[in-house]
Amino acid sequence: MRDETRLASKLESTGLHSSRTVLAFDDITASHDPERSVVAGLSFEIVGPASVRIEGPNGSGKSTVMALASGDLDPTAGTVHRPVRSVLLDQNVSLLMRERTVLETFLTLNPDRDEAACRNVLAHFLFPMNAVHRAVGQLSGGETLRAALACVLGASAVPPLLLLDEPTNPLDVPSVQAVEQGLADYDGALLVVSHDADFAAALRHDQTIPLEPF
């Protein structure tokens, strides 16, 4: 019997070199409120296919760092260097199109991929056969994250940097396994925020950046 949780081939490579800088924060200060800085004096660098986790209590600026990393927010001081393409999966997984099916969403986001390639990738993330015709808006939290990862990591040009900002909590066991498998095949860099213990355990970590509220 065919195991629908496995792919016959790996995902496309990012081509990321081990010495390539993918993201750098240089003495960053940032705020959503001119009266109060959320992040101040933050510096770090991600080089090559490293996995970096941002940790800290609520209000410490984790989502602000992710918005800075993605380019959705500009710093009030310092410089953010973004030399490679990145994709952000935010808390609402807003990358996806809720009114469309999983298959339609994948093909819309990856117009250079044919349906056979799409179905192969989706099977890797536990969407076999007729499951690809389910509407994104009807998926569970874990299924939504799996669909988003399929759309991003199943592209013909996979982004060298993936930003994960607590996209879904909590995940069921099959979802965690699918995420772990998919990210094991991903050879790019990761910047991750997550309070979910199972999700965090499914990821490798080379560096942790602790944040504290002001």
# chains A, B, ... in the order shown; residues from 1 in each chain; ligands from 1
call {"tool": "select_by_dssp", "arguments": {"residues": "range 48-146 of chain A", "states": "helix (DSSP H, G or I)", "output": "PDB file with C-alpha atoms, in the first residue's frame"}}
result
ATOM      1  CA  LYS A  62       8.588  38.719  18.718  1.00  0.00           C
ATOM      2  CA  SER A  63       6.023  39.547  16.039  1.00  0.00           C
ATOM      3  CA  THR A  64       7.667  42.945  15.562  1.00  0.00           C
ATOM      4  CA  VAL A  65      10.944  41.201  14.749  1.00  0.00           C
ATOM      5  CA  MET A  66       9.154  39.007  12.223  1.00  0.00           C
ATOM      6  CA  ALA A  67       7.520  42.048  10.604  1.00  0.00           C
ATOM      7  CA  LEU A  68      10.943  43.697  10.377  1.00  0.00           C
ATOM      8  CA  ALA A  69      12.437  40.538   8.882  1.00  0.00           C
ATOM      9  CA  SER A  70       9.730  40.292   6.224  1.00  0.00           C
ATOM     10  CA  VAL A 102      -6.211  23.644  -1.698  1.00  0.00           C
ATOM     11  CA  LEU A 103      -5.458  22.655  -5.291  1.00  0.00           C
ATOM     12  CA  GLU A 104      -6.624  25.984  -6.731  1.00  0.00           C
ATOM     13  CA  THR A 105      -4.606  27.900  -4.155  1.00  0.00           C
ATOM     14  CA  PHE A 106      -1.444  25.952  -4.903  1.00  0.00           C
ATOM     15  CA  LEU A 107      -1.786  26.464  -8.654  1.00  0.00           C
ATOM     16  CA  THR A 108      -2.541  30.176  -8.214  1.00  0.00           C
ATOM     17  CA  LEU A 109       0.528  30.728  -6.044  1.00  0.00           C
ATOM     18  CA  GLU A 115      -1.328  19.692 -11.578  1.00  0.00           C
ATOM     19  CA  ALA A 116       0.679  16.470 -11.301  1.00  0.00           C
ATOM     20  CA  ALA A 117       3.514  18.247  -9.495  1.00  0.00           C
ATOM     21  CA  CYS A 118       0.978  20.017  -7.299  1.00  0.00           C
ATOM     22  CA  ARG A 119      -0.716  16.763  -6.272  1.00  0.00           C
ATOM     23  CA  ASN A 120       2.649  15.147  -5.526  1.00  0.00           C
ATOM     24  CA  VAL A 121       3.647  17.952  -3.171  1.00  0.00           C
ATOM     25  CA  LEU A 122       0.228  18.069  -1.507  1.00  0.00           C
ATOM     26  CA  ALA A 123       0.353  14.310  -0.882  1.00  0.00           C
ATOM     27  CA  HIS A 124       3.657  14.921   0.918  1.00  0.00           C
ATOM     28  CA  MET A 129      -6.475  12.503  -3.909  1.00  0.00           C
ATOM     29  CA  ASN A 130      -9.836  14.214  -3.228  1.00  0.00           C
ATOM     30  CA  ALA A 131      -8.526  16.074  -0.174  1.00  0.00           C
ATOM     31  CA  VAL A 132      -6.993  18.666  -2.517  1.00  0.00           C
ATOM     32  CA  HIS A 133     -10.524  19.782  -3.448  1.00  0.00           C
ATOM     33  CA  VAL A 136      -8.982  26.299   2.494  1.00  0.00           C
ATOM     34  CA  GLY A 137     -11.481  28.059   4.766  1.00  0.00           C
ATOM     35  CA  GLN A 138     -12.828  24.687   5.940  1.00  0.00           C
ATOM     36  CA  GLY A 141      -5.470  24.776  12.009  1.00  0.00           C
ATOM     37  CA  GLY A 142      -2.973  22.011  11.374  1.00  0.00           C
ATOM     38  CA  GLU A 143      -4.303  21.387   7.869  1.00  0.00           C
ATOM     39  CA  THR A 144      -4.061  25.099   7.083  1.00  0.00           C
ATOM     40  CA  LEU A 145      -0.395  25.178   8.048  1.00  0.00           C
ATOM     41  CA  ARG A 146       0.305  22.061   6.007  1.00  0.00           C
TER      42      ARG A 146
END
call {"tool": "select_by_dssp", "arguments": {"residues": "range 48-163 of chain A", "states": "strand (DSSP E or B)", "output": "list in words"}}
result
Ser51, Val52, Arg53, Ile54, Glu55, Ala77, Gly78, Thr79, Val80, His81, Ser86, Val87, Leu88, Leu89, Thr101, Ala135, Leu161, Leu162 and Leu163 of chain A
call {"tool": "write_last_selection", "arguments": {"atoms": "all heavy atoms", "output": "compact mmCIF listing (two decimals), in the first residue's frame"}}
result
# COMPACT_ATOMS: atom_id res chain seq x y z
N SER A 51 18.81 27.56 11.51
CA SER A 51 17.48 27.68 12.09
C SER A 51 17.58 28.49 13.37
O SER A 51 18.30 28.12 14.30
CB SER A 51 16.89 26.30 12.39
OG SER A 51 15.63 26.43 13.01
N VAL A 52 16.89 29.62 13.41
CA VAL A 52 16.96 30.54 14.54
C VAL A 52 15.57 30.69 15.15
O VAL A 52 14.59 30.93 14.44
CB VAL A 52 17.49 31.92 14.09
CG1 VAL A 52 17.50 32.89 15.26
CG2 VAL A 52 18.89 31.77 13.49
N ARG A 53 15.50 30.54 16.46
CA ARG A 53 14.23 30.68 17.17
C ARG A 53 14.25 31.94 18.01
O ARG A 53 15.21 32.22 18.72
CB ARG A 53 13.97 29.46 18.06
CG ARG A 53 12.61 29.49 18.74
CD ARG A 53 12.40 28.28 19.61
NE ARG A 53 11.07 28.29 20.23
CZ ARG A 53 10.66 27.44 21.16
NH1 ARG A 53 11.48 26.47 21.56
NH2 ARG A 53 9.45 27.51 21.67
N ILE A 54 13.17 32.72 17.93
CA ILE A 54 13.00 33.91 18.75
C ILE A 54 12.12 33.53 19.93
O ILE A 54 11.02 33.02 19.76
CB ILE A 54 12.36 35.05 17.95
CG1 ILE A 54 13.23 35.42 16.76
CG2 ILE A 54 12.15 36.27 18.84
CD1 ILE A 54 12.60 36.40 15.82
N GLU A 55 12.61 33.79 21.14
CA GLU A 55 11.87 33.44 22.35
C GLU A 55 11.65 34.68 23.21
O GLU A 55 12.47 35.60 23.22
CB GLU A 55 12.63 32.39 23.16
CG GLU A 55 12.65 31.01 22.55
CD GLU A 55 13.28 29.99 23.48
OE1 GLU A 55 14.10 30.39 24.33
OE2 GLU A 55 12.96 28.79 23.35
N ALA A 77 15.32 52.97 13.84
CA ALA A 77 16.77 53.19 13.85
C ALA A 77 17.44 51.87 13.52
O ALA A 77 16.90 50.79 13.77
CB ALA A 77 17.23 53.68 15.22
N GLY A 78 18.63 51.96 12.94
CA GLY A 78 19.35 50.76 12.53
C GLY A 78 18.95 50.32 11.13
O GLY A 78 18.13 50.96 10.46
N THR A 79 19.54 49.21 10.71
CA THR A 79 19.33 48.72 9.34
C THR A 79 19.04 47.23 9.34
O THR A 79 19.71 46.46 10.04
CB THR A 79 20.58 48.97 8.47
OG1 THR A 79 20.90 50.36 8.51
CG2 THR A 79 20.32 48.56 7.03
N VAL A 80 18.02 46.84 8.57
CA VAL A 80 17.73 45.43 8.33
C VAL A 80 18.19 45.08 6.92
O VAL A 80 17.79 45.72 5.96
CB VAL A 80 16.24 45.11 8.46
CG1 VAL A 80 15.97 43.63 8.19
CG2 VAL A 80 15.72 45.49 9.85
N HIS A 81 19.07 44.10 6.81
CA HIS A 81 19.58 43.65 5.51
C HIS A 81 18.82 42.38 5.11
O HIS A 81 18.81 41.39 5.86
CB HIS A 81 21.08 43.36 5.58
CG HIS A 81 21.89 44.55 6.00
ND1 HIS A 81 22.30 45.52 5.13
CD2 HIS A 81 22.36 44.92 7.23
CE1 HIS A 81 22.99 46.44 5.78
NE2 HIS A 81 23.04 46.10 7.06
N SER A 86 12.36 35.96 1.00
CA SER A 86 11.78 35.25 2.13
C SER A 86 10.27 35.19 1.98
O SER A 86 9.68 35.97 1.23
CB SER A 86 12.14 35.94 3.45
OG SER A 86 11.51 37.20 3.54
N VAL A 87 9.66 34.26 2.71
CA VAL A 87 8.20 34.16 2.77
C VAL A 87 7.80 34.07 4.25
O VAL A 87 8.40 33.30 5.01
CB VAL A 87 7.66 32.94 2.00
CG1 VAL A 87 6.18 32.76 2.27
CG2 VAL A 87 7.90 33.12 0.51
N LEU A 88 6.82 34.88 4.63
CA LEU A 88 6.32 34.89 6.00
C LEU A 88 5.02 34.10 6.09
O LEU A 88 4.08 34.35 5.34
CB LEU A 88 6.07 36.33 6.46
CG LEU A 88 5.33 36.52 7.79
CD1 LEU A 88 6.16 36.01 8.96
CD2 LEU A 88 4.94 37.99 8.00
N LEU A 89 4.97 33.15 7.01
CA LEU A 89 3.72 32.49 7.39
C LEU A 89 3.33 33.05 8.76
O LEU A 89 3.93 32.71 9.77
CB LEU A 89 3.89 30.97 7.45
CG LEU A 89 4.24 30.27 6.13
CD1 LEU A 89 4.27 28.76 6.32
CD2 LEU A 89 3.26 30.65 5.03
N THR A 101 -10.08 26.17 -3.22
CA THR A 101 -9.64 24.85 -2.75
C THR A 101 -8.13 24.84 -2.57
O THR A 101 -7.42 25.75 -3.04
CB THR A 101 -10.03 23.76 -3.75
OG1 THR A 101 -9.26 23.94 -4.95
CG2 THR A 101 -11.52 23.80 -4.07
N ALA A 135 -12.04 23.23 0.49
CA ALA A 135 -11.83 24.68 0.58
C ALA A 135 -10.87 25.00 1.72
O ALA A 135 -10.94 24.39 2.80
CB ALA A 135 -13.15 25.39 0.81
N LEU A 161 14.73 31.78 2.68
CA LEU A 161 14.44 32.07 4.09
C LEU A 161 12.94 31.94 4.32
O LEU A 161 12.13 32.54 3.62
CB LEU A 161 14.90 33.49 4.45
CG LEU A 161 14.54 34.00 5.84
CD1 LEU A 161 15.14 33.13 6.94
CD2 LEU A 161 14.99 35.45 6.01
N LEU A 162 12.58 31.15 5.33
CA LEU A 162 11.18 30.94 5.71
C LEU A 162 10.97 31.51 7.10
O LEU A 162 11.70 31.18 8.05
CB LEU A 162 10.84 29.46 5.68
CG LEU A 162 9.39 29.05 5.95
CD1 LEU A 162 8.46 29.68 4.91
CD2 LEU A 162 9.25 27.53 5.93
N LEU A 163 9.98 32.41 7.23
CA LEU A 163 9.65 33.06 8.49
C LEU A 163 8.36 32.47 9.03
O LEU A 163 7.31 32.55 8.37
CB LEU A 163 9.49 34.56 8.28
CG LEU A 163 10.62 35.28 7.52
CD1 LEU A 163 10.20 36.71 7.18
CD2 LEU A 163 11.90 35.27 8.32
call {"tool": "atom_distance", "arguments": {"atom1": "CA of Val158 in chain A", "atom2": "CA of Ile28 in chain A"}}
result
27.8 Å
call {"tool": "atom_distance", "arguments": {"atom1": "CA of Phe125 in chain A", "atom2": "CA of Ala178 in chain A"}}
result
5.6 Å
call {"tool": "closest_residue", "arguments": {"among": "A:Val173, A:Ala184, A:Val93, A:Leu190", "to": "Cys151 in chain A", "atoms": "only C-alpha atoms"}}
result
A:Val93
call {"tool": "closest_residue", "arguments": {"among": "A:Pro128, A:Gly182, A:Pro83, A:Pro174", "to": "Leu149 in chain A", "atoms": "only C-alpha atoms"}}
result
A:Gly182
